[in-house]
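The structure under discussion appears below in the form of structure tokens.
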Amino acid sequence: MSSDAKWQDSAPVKYALGSIIPGLVILAWWLGARSGSAVVPSFGEVFNVLTHPFDEPPDLNSRSLAFSVMMTLIRLFLGFALAIATAVPLGILAARNHVVEYVFSPIVELARPINPIVLLPIITVLLGVSSIATVVYGQTEAWRHDVPDQVQTAMILILWYGAFFPIYTATIQGVRSVGTAWLETMRLMGADNAQTIRHVILPHTLPFIANGMRIALGTVWLVVIAAEIFPGTRSGLGYMLCTACKTSEYEYTFSAIIVIGAIGLVTNSLLRRFEERTGHWRAVQR
Amino acid sequence: MTSNTPCLSFSGVSKSFVSRDGEIVRAVENVTFDVPRGTVACLVGMTGCGKTTILRLAAGLETPDSGTIVSPSGEIGYLTQQHTLLPWMTTTDNIGLPLKVKGMNDAARKARVNEIMEALGLAGFGSLYPYELSGGMRQRAAIGRLMASESSCWLLDEPFSSLDERTRHQLQKLLLETAAATNVTVLFVTHSIDEAVWLADRIYIVSAWPGRIIESLEIAEPKPRDRISDAFGARMEAVRKRLEAAIG
């Protein structure tokens with residue numbers, strides 16, 4: 001088994017194996033473009049969009065690619081940050097306090113399986129078209145602040161919803177697996193609750209949280225793109241992708257897809273690195 | 001600097017646990033003994049006889065069902081076979097943790113940790129994580145953390161039992177030197193008669209389940225003791241006989 005694993009574990013072979021399917025996709029794209037399909041743009045057209053990210057699309061009712069990326073990332077970041085800020089403390093509390101656990105557990109189990117996208121229409125109706133700008137600057141002044149006015153509170157809430165549960169459950173799992181001996185050691189040292197959380201619970205739970213964040217990130221990417229397709233949105237990669245499809249500007253659709261994939265790849269590897277860094281002791285603990 | 005004032009005192013202490021089947025299991029029964037300040041006492045008994053329960057009761061990690069325990073509250077250091085060093089902290093940070101908890105400033109803490117590491121032969125290993133250290137080094141670091149805690153009473157639960165003989169002897173010597181230098185009181189749990197006779201000023205023999213102190217033996221020979229001397233062998237034999245009698 002181990003000798004069998006040797007050849008495929010070398011870096012060049014790993015990259016070569018990992019390139020097979022992307023290579024086939026590119027080949028299919030090239031063949032599609034060569035066949036003269038109206039739906040498949042040429043490499044050159046897509047390359048042109050990707051290398052001029054600040055240019056406003058001439059025939060498309062959408063802002064530039066760079067602006068679309070920025071808007072998507074702002075929404076993603078706000079929803080994700082809000083989820084971390086609420087799920088981690090609440091997860092720690094629920095794992096350490098039965099009263100908190102009993103209060104939150106039923107609603108969490110009930111809400112967790114509900115797809116965030118199906119909640120978007122109802123939340124949009126409930127919150128109206130309010131945005132970060134309307135919250136911060138008021139209804140009448142909101143239009144003056146272009147970027148925050150395009151960050152809808154309903155969307156942030158949905159993104160928070162999508163990211164909250166994986167992070168919350170991972171936090172609980174991490175806190176519950178803290179060794180009793182460590183907690184007793186801290187108690188005998190005279191450590192208070194805050195010191196125990198800071199020196200033991202949080203460092204032990206961080207790799208679990210990082211893993212939950214990676215799972216959550218996958219969910220929020222799906223949610224943000226789907227949410228940007230909903231009516232009432234004027235920007236973002238999802239909006240660009242959808243609008244380009246409607247107007248047959250497929251080079252923008254393809255560019256948006258490539259950018260989504262690339263950002264997803266980068267953010268996922270950053271989180272994976274964070275997970276490895278915070279959990280370096282787990283793999284080798286004897 | 002020993003005195004007859006007990007640092008740790010058990011009087012008629014009993015403790016039971018409830019098993020998964022709901023049965024009441026008596027772990028220790030009517031345990032009475034004293035450990036005078038600045039001395040080393042060893043609890044010797046077979047595995048599962050309740051030695052660890054006695055130690056946990058002394059540490060305040062368990063509450064007795066009956067009886068009285070007098071211990072220096074807030075001044076107890078506890079070390080088990082599993083070193084309980086925090087694996088995400090370097091050796092330096094692990095040793096300095098009790099000082100950090102007490103609120104000592106960074107410079108003073110660093111100086112004290114360096115001093116301890118020097119004394120324990122850990123200088124140069126400060127940036128390593130526990131998993132990068134050998135078993136012996138890890139236990140040294142755990143002793144270092146006890147030293148940093150400045151506790152007056154150390155409760156040690158078979159801390160060297162998983163180590164090879166040479167390392168175990170080195171750490172036993174280190175323990176005695178450190179305990180003498182800092183005048184701490186040590187209650188040491190072991191099932192090794194050799195270890196008990198080498199370390200202890202007094203040995204308490206714990207009976208088989210439920211654990212009771214059935215014999216107290218004073219070891220008056222000066223330290224460090226010579227393992228290959230006739231007196232040491234005779235002591236070991238005497239303890240072995242009494243232990244076998246206790247097991248029945």
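Chain labels follow the order of the structure tokens: the first chain is A, the next B, and so on; residue numbering restarts at 1 in every chain, and ligands are counted from 1 in their shown order.
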
- Kindly provide, as a count of residues only, the residues of chain B having any atom no farther than 12 Å from an atom of chain A, counting only C-alpha atoms. 56

- Exercise: Phe230 in chain A partners within 12 Å, only C-alpha atoms, chain neighbours under 6 positions left out, as JSON, numbers by chain: {"A": [117, 118, 119, 120, 121, 124, 152, 154, 155, 223, 224, 236, 238, 239, 240, 241, 242, 243]}

Writing out the chosen residues with C-alpha atoms as a PDB file, in the first residue's frame:
```pdb
ATOM      1  CA  ILE A 117     -31.701  30.912  -0.557  1.00  0.00           C
ATOM      2  CA  VAL A 118     -35.323  29.943   0.071  1.00  0.00           C
ATOM      3  CA  LEU A 119     -35.394  32.476   2.913  1.00  0.00           C
ATOM      4  CA  LEU A 120     -34.155  35.344   0.732  1.00  0.00           C
ATOM      5  CA  PRO A 121     -37.552  36.413  -0.690  1.00  0.00           C
ATOM      6  CA  THR A 124     -36.289  40.809   1.497  1.00  0.00           C
ATOM      7  CA  GLN A 152     -28.489  45.004   1.100  1.00  0.00           C
ATOM      8  CA  ALA A 154     -31.344  41.107   3.588  1.00  0.00           C
ATOM      9  CA  MET A 155     -28.379  39.685   1.687  1.00  0.00           C
ATOM     10  CA  VAL A 223     -25.520  31.853  -1.474  1.00  0.00           C
ATOM     11  CA  VAL A 224     -23.944  35.171  -2.470  1.00  0.00           C
ATOM     12  CA  GLY A 236     -21.784  41.775  -7.981  1.00  0.00           C
ATOM     13  CA  GLY A 238     -23.749  36.963  -9.675  1.00  0.00           C
ATOM     14  CA  TYR A 239     -25.494  39.993 -11.134  1.00  0.00           C
ATOM     15  CA  MET A 240     -22.879  40.335 -13.907  1.00  0.00           C
ATOM     16  CA  LEU A 241     -23.086  36.626 -14.696  1.00  0.00           C
ATOM     17  CA  CYS A 242     -26.865  36.670 -14.941  1.00  0.00           C
ATOM     18  CA  THR A 243     -27.129  39.945 -16.875  1.00  0.00           C
TER      19      THR A 243
END
```

- Check the DSSP output for the backbone and give back, as number ranges by chain, the residues of range 159-239 of chain B in alpha helix (DSSP H). B: 165-182, 193-199, 230-239

Mind dumping a table of every range 9-28 of chain B residue within 12 Å of range 213-237 of chain B, with the nearest atom pair and its distance in Å to one decimal, using only C-alpha atoms, sorted by chain and rising number, as JSON lines?
```
{"residue": "B:Phe10", "atom": "CA", "partner": "B:Ile213", "partner_atom": "CA", "distance": 10.4}
{"residue": "B:Ser11", "atom": "CA", "partner": "B:Ile213", "partner_atom": "CA", "distance": 11.0}
{"residue": "B:Gly12", "atom": "CA", "partner": "B:Ile213", "partner_atom": "CA", "distance": 10.2}
{"residue": "B:Val13", "atom": "CA", "partner": "B:Ile213", "partner_atom": "CA", "distance": 10.5}
{"residue": "B:Ser14", "atom": "CA", "partner": "B:Ile213", "partner_atom": "CA", "distance": 11.4}
{"residue": "B:Val28", "atom": "CA", "partner": "B:Ile213", "partner_atom": "CA", "distance": 9.2}
```

- Query: Could you name the residues that touch Val186 in chain B at 12 Å or less, counting only C-alpha atoms, but leaving out those on the same chain fewer than 5 positions away, as a PyMOL selection string?
  - Reply: chain B and resi 2+6-8+34-43+55+58+76-79+146+151-157+175-176+178-180+196+199-203

Output file for the selection above: N, CA and C atoms, as an mmCIF file, in the first residue's frame:
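Full text of out.cif as output:
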```cif
data_model
loop_
_atom_site.group_PDB
_atom_site.id
_atom_site.type_symbol
_atom_site.label_atom_id
_atom_site.label_comp_id
_atom_site.auth_asym_id
_atom_site.auth_seq_id
_atom_site.Cartn_x
_atom_site.Cartn_y
_atom_site.Cartn_z
ATOM 1 N N THR B 2 12.157 20.984 57.236
ATOM 2 C CA THR B 2 10.908 20.269 57.458
ATOM 3 C C THR B 2 10.379 20.596 58.843
ATOM 4 N N PRO B 6 1.535 19.396 59.555
ATOM 5 C CA PRO B 6 1.180 18.784 58.277
ATOM 6 C C PRO B 6 0.809 19.829 57.229
ATOM 7 N N CYS B 7 1.300 19.597 56.030
ATOM 8 C CA CYS B 7 0.930 20.468 54.918
ATOM 9 C C CYS B 7 -0.374 19.942 54.328
ATOM 10 N N LEU B 8 -0.506 18.621 54.439
ATOM 11 C CA LEU B 8 -1.670 17.943 53.880
ATOM 12 C C LEU B 8 -2.155 16.934 54.913
ATOM 13 N N ASP B 34 -1.131 12.018 57.306
ATOM 14 C CA ASP B 34 -0.620 13.391 57.266
ATOM 15 C C ASP B 34 0.654 13.415 56.430
ATOM 16 N N VAL B 35 0.887 14.510 55.758
ATOM 17 C CA VAL B 35 2.180 14.708 55.099
ATOM 18 C C VAL B 35 2.795 15.973 55.695
ATOM 19 N N PRO B 36 3.856 15.824 56.526
ATOM 20 C CA PRO B 36 4.468 17.009 57.134
ATOM 21 C C PRO B 36 5.075 17.935 56.081
ATOM 22 N N ARG B 37 5.082 19.200 56.388
ATOM 23 C CA ARG B 37 5.603 20.234 55.487
ATOM 24 C C ARG B 37 7.058 19.932 55.096
ATOM 25 N N GLY B 38 7.347 20.070 53.819
ATOM 26 C CA GLY B 38 8.726 19.916 53.352
ATOM 27 C C GLY B 38 9.193 18.474 53.221
ATOM 28 N N THR B 39 8.286 17.516 53.335
ATOM 29 C CA THR B 39 8.695 16.112 53.203
ATOM 30 C C THR B 39 8.143 15.497 51.921
ATOM 31 N N VAL B 40 8.668 14.302 51.607
ATOM 32 C CA VAL B 40 8.161 13.570 50.446
ATOM 33 C C VAL B 40 7.462 12.315 50.968
ATOM 34 N N ALA B 41 6.193 12.180 50.633
ATOM 35 C CA ALA B 41 5.448 10.980 51.034
ATOM 36 C C ALA B 41 5.016 10.236 49.779
ATOM 37 N N CYS B 42 5.084 8.926 49.833
ATOM 38 C CA CYS B 42 4.657 8.132 48.673
ATOM 39 C C CYS B 42 3.466 7.260 49.050
ATOM 40 N N LEU B 43 2.495 7.229 48.158
ATOM 41 C CA LEU B 43 1.373 6.293 48.302
ATOM 42 C C LEU B 43 1.679 5.118 47.399
ATOM 43 N N LEU B 55 -5.287 11.360 45.520
ATOM 44 C CA LEU B 55 -4.582 12.546 45.020
ATOM 45 C C LEU B 55 -5.566 13.611 44.512
ATOM 46 N N ALA B 58 -7.079 15.302 47.354
ATOM 47 C CA ALA B 58 -6.128 16.254 47.948
ATOM 48 C C ALA B 58 -6.059 17.544 47.126
ATOM 49 N N ILE B 76 -1.537 24.314 45.200
ATOM 50 C CA ILE B 76 -1.307 22.918 44.844
ATOM 51 C C ILE B 76 -0.883 22.801 43.390
ATOM 52 N N GLY B 77 0.197 22.057 43.195
ATOM 53 C CA GLY B 77 0.644 21.732 41.844
ATOM 54 C C GLY B 77 0.353 20.270 41.603
ATOM 55 N N TYR B 78 -0.151 19.953 40.403
ATOM 56 C CA TYR B 78 -0.602 18.585 40.129
ATOM 57 C C TYR B 78 0.022 18.102 38.832
ATOM 58 N N LEU B 79 0.609 16.921 38.876
ATOM 59 C CA LEU B 79 1.251 16.390 37.662
ATOM 60 C C LEU B 79 0.914 14.916 37.522
ATOM 61 N N LEU B 146 5.480 23.267 37.360
ATOM 62 C CA LEU B 146 5.166 23.184 38.795
ATOM 63 C C LEU B 146 6.019 24.186 39.570
ATOM 64 N N SER B 151 3.820 26.644 43.950
ATOM 65 C CA SER B 151 2.904 26.018 44.900
ATOM 66 C C SER B 151 3.711 25.332 45.999
ATOM 67 N N SER B 152 3.129 25.249 47.171
ATOM 68 C CA SER B 152 3.860 24.694 48.320
ATOM 69 C C SER B 152 3.667 23.188 48.435
ATOM 70 N N CYS B 153 2.731 22.638 47.646
ATOM 71 C CA CYS B 153 2.440 21.209 47.751
ATOM 72 C C CYS B 153 2.293 20.615 46.354
ATOM 73 N N TRP B 154 3.117 19.608 46.054
ATOM 74 C CA TRP B 154 3.046 18.980 44.732
ATOM 75 C C TRP B 154 2.400 17.603 44.858
ATOM 76 N N LEU B 155 1.413 17.369 44.029
ATOM 77 C CA LEU B 155 0.754 16.070 44.002
ATOM 78 C C LEU B 155 1.128 15.411 42.675
ATOM 79 N N LEU B 156 1.863 14.319 42.757
ATOM 80 C CA LEU B 156 2.400 13.718 41.538
ATOM 81 C C LEU B 156 1.847 12.302 41.367
ATOM 82 N N ASP B 157 1.167 12.080 40.255
ATOM 83 C CA ASP B 157 0.496 10.798 40.026
ATOM 84 C C ASP B 157 1.278 9.985 38.982
ATOM 85 N N LEU B 175 13.775 15.692 40.870
ATOM 86 C CA LEU B 175 12.618 16.004 41.715
ATOM 87 C C LEU B 175 13.059 16.245 43.162
ATOM 88 N N LEU B 176 13.894 15.357 43.669
ATOM 89 C CA LEU B 176 14.339 15.508 45.061
ATOM 90 C C LEU B 176 15.126 16.803 45.245
ATOM 91 N N THR B 178 14.953 19.527 43.425
ATOM 92 C CA THR B 178 14.053 20.684 43.270
ATOM 93 C C THR B 178 13.178 20.848 44.507
ATOM 94 N N ALA B 179 12.669 19.717 44.997
ATOM 95 C CA ALA B 179 11.792 19.782 46.174
ATOM 96 C C ALA B 179 12.562 20.307 47.384
ATOM 97 N N ALA B 180 13.817 19.852 47.523
ATOM 98 C CA ALA B 180 14.629 20.304 48.657
ATOM 99 C C ALA B 180 14.948 21.792 48.526
ATOM 100 N N ALA B 196 9.449 4.393 45.373
ATOM 101 C CA ALA B 196 8.960 4.880 46.666
ATOM 102 C C ALA B 196 10.091 4.889 47.702
ATOM 103 N N LEU B 199 12.594 7.697 46.975
ATOM 104 C CA LEU B 199 12.150 9.095 47.094
ATOM 105 C C LEU B 199 11.656 9.490 48.490
ATOM 106 N N ALA B 200 10.991 8.557 49.154
ATOM 107 C CA ALA B 200 10.105 8.976 50.249
ATOM 108 C C ALA B 200 10.778 9.144 51.609
ATOM 109 N N ASP B 201 10.246 10.079 52.380
ATOM 110 C CA ASP B 201 10.548 10.145 53.812
ATOM 111 C C ASP B 201 9.582 9.215 54.542
ATOM 112 N N ARG B 202 8.400 9.056 53.937
ATOM 113 C CA ARG B 202 7.415 8.162 54.540
ATOM 114 C C ARG B 202 6.596 7.500 53.420
ATOM 115 N N ILE B 203 6.372 6.196 53.596
ATOM 116 C CA ILE B 203 5.574 5.465 52.603
ATOM 117 C C ILE B 203 4.251 5.053 53.238
#
```

- From A:Asn268, A:Gly44, A:Ala170, A:Gly128, residue lying nearest Gly232 in chain A [only C-alpha atoms]: A:Gly128

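Interatomic distance, CA of Phe67 in chain A against CA of Gly264 in chain A: 17.3 Å.
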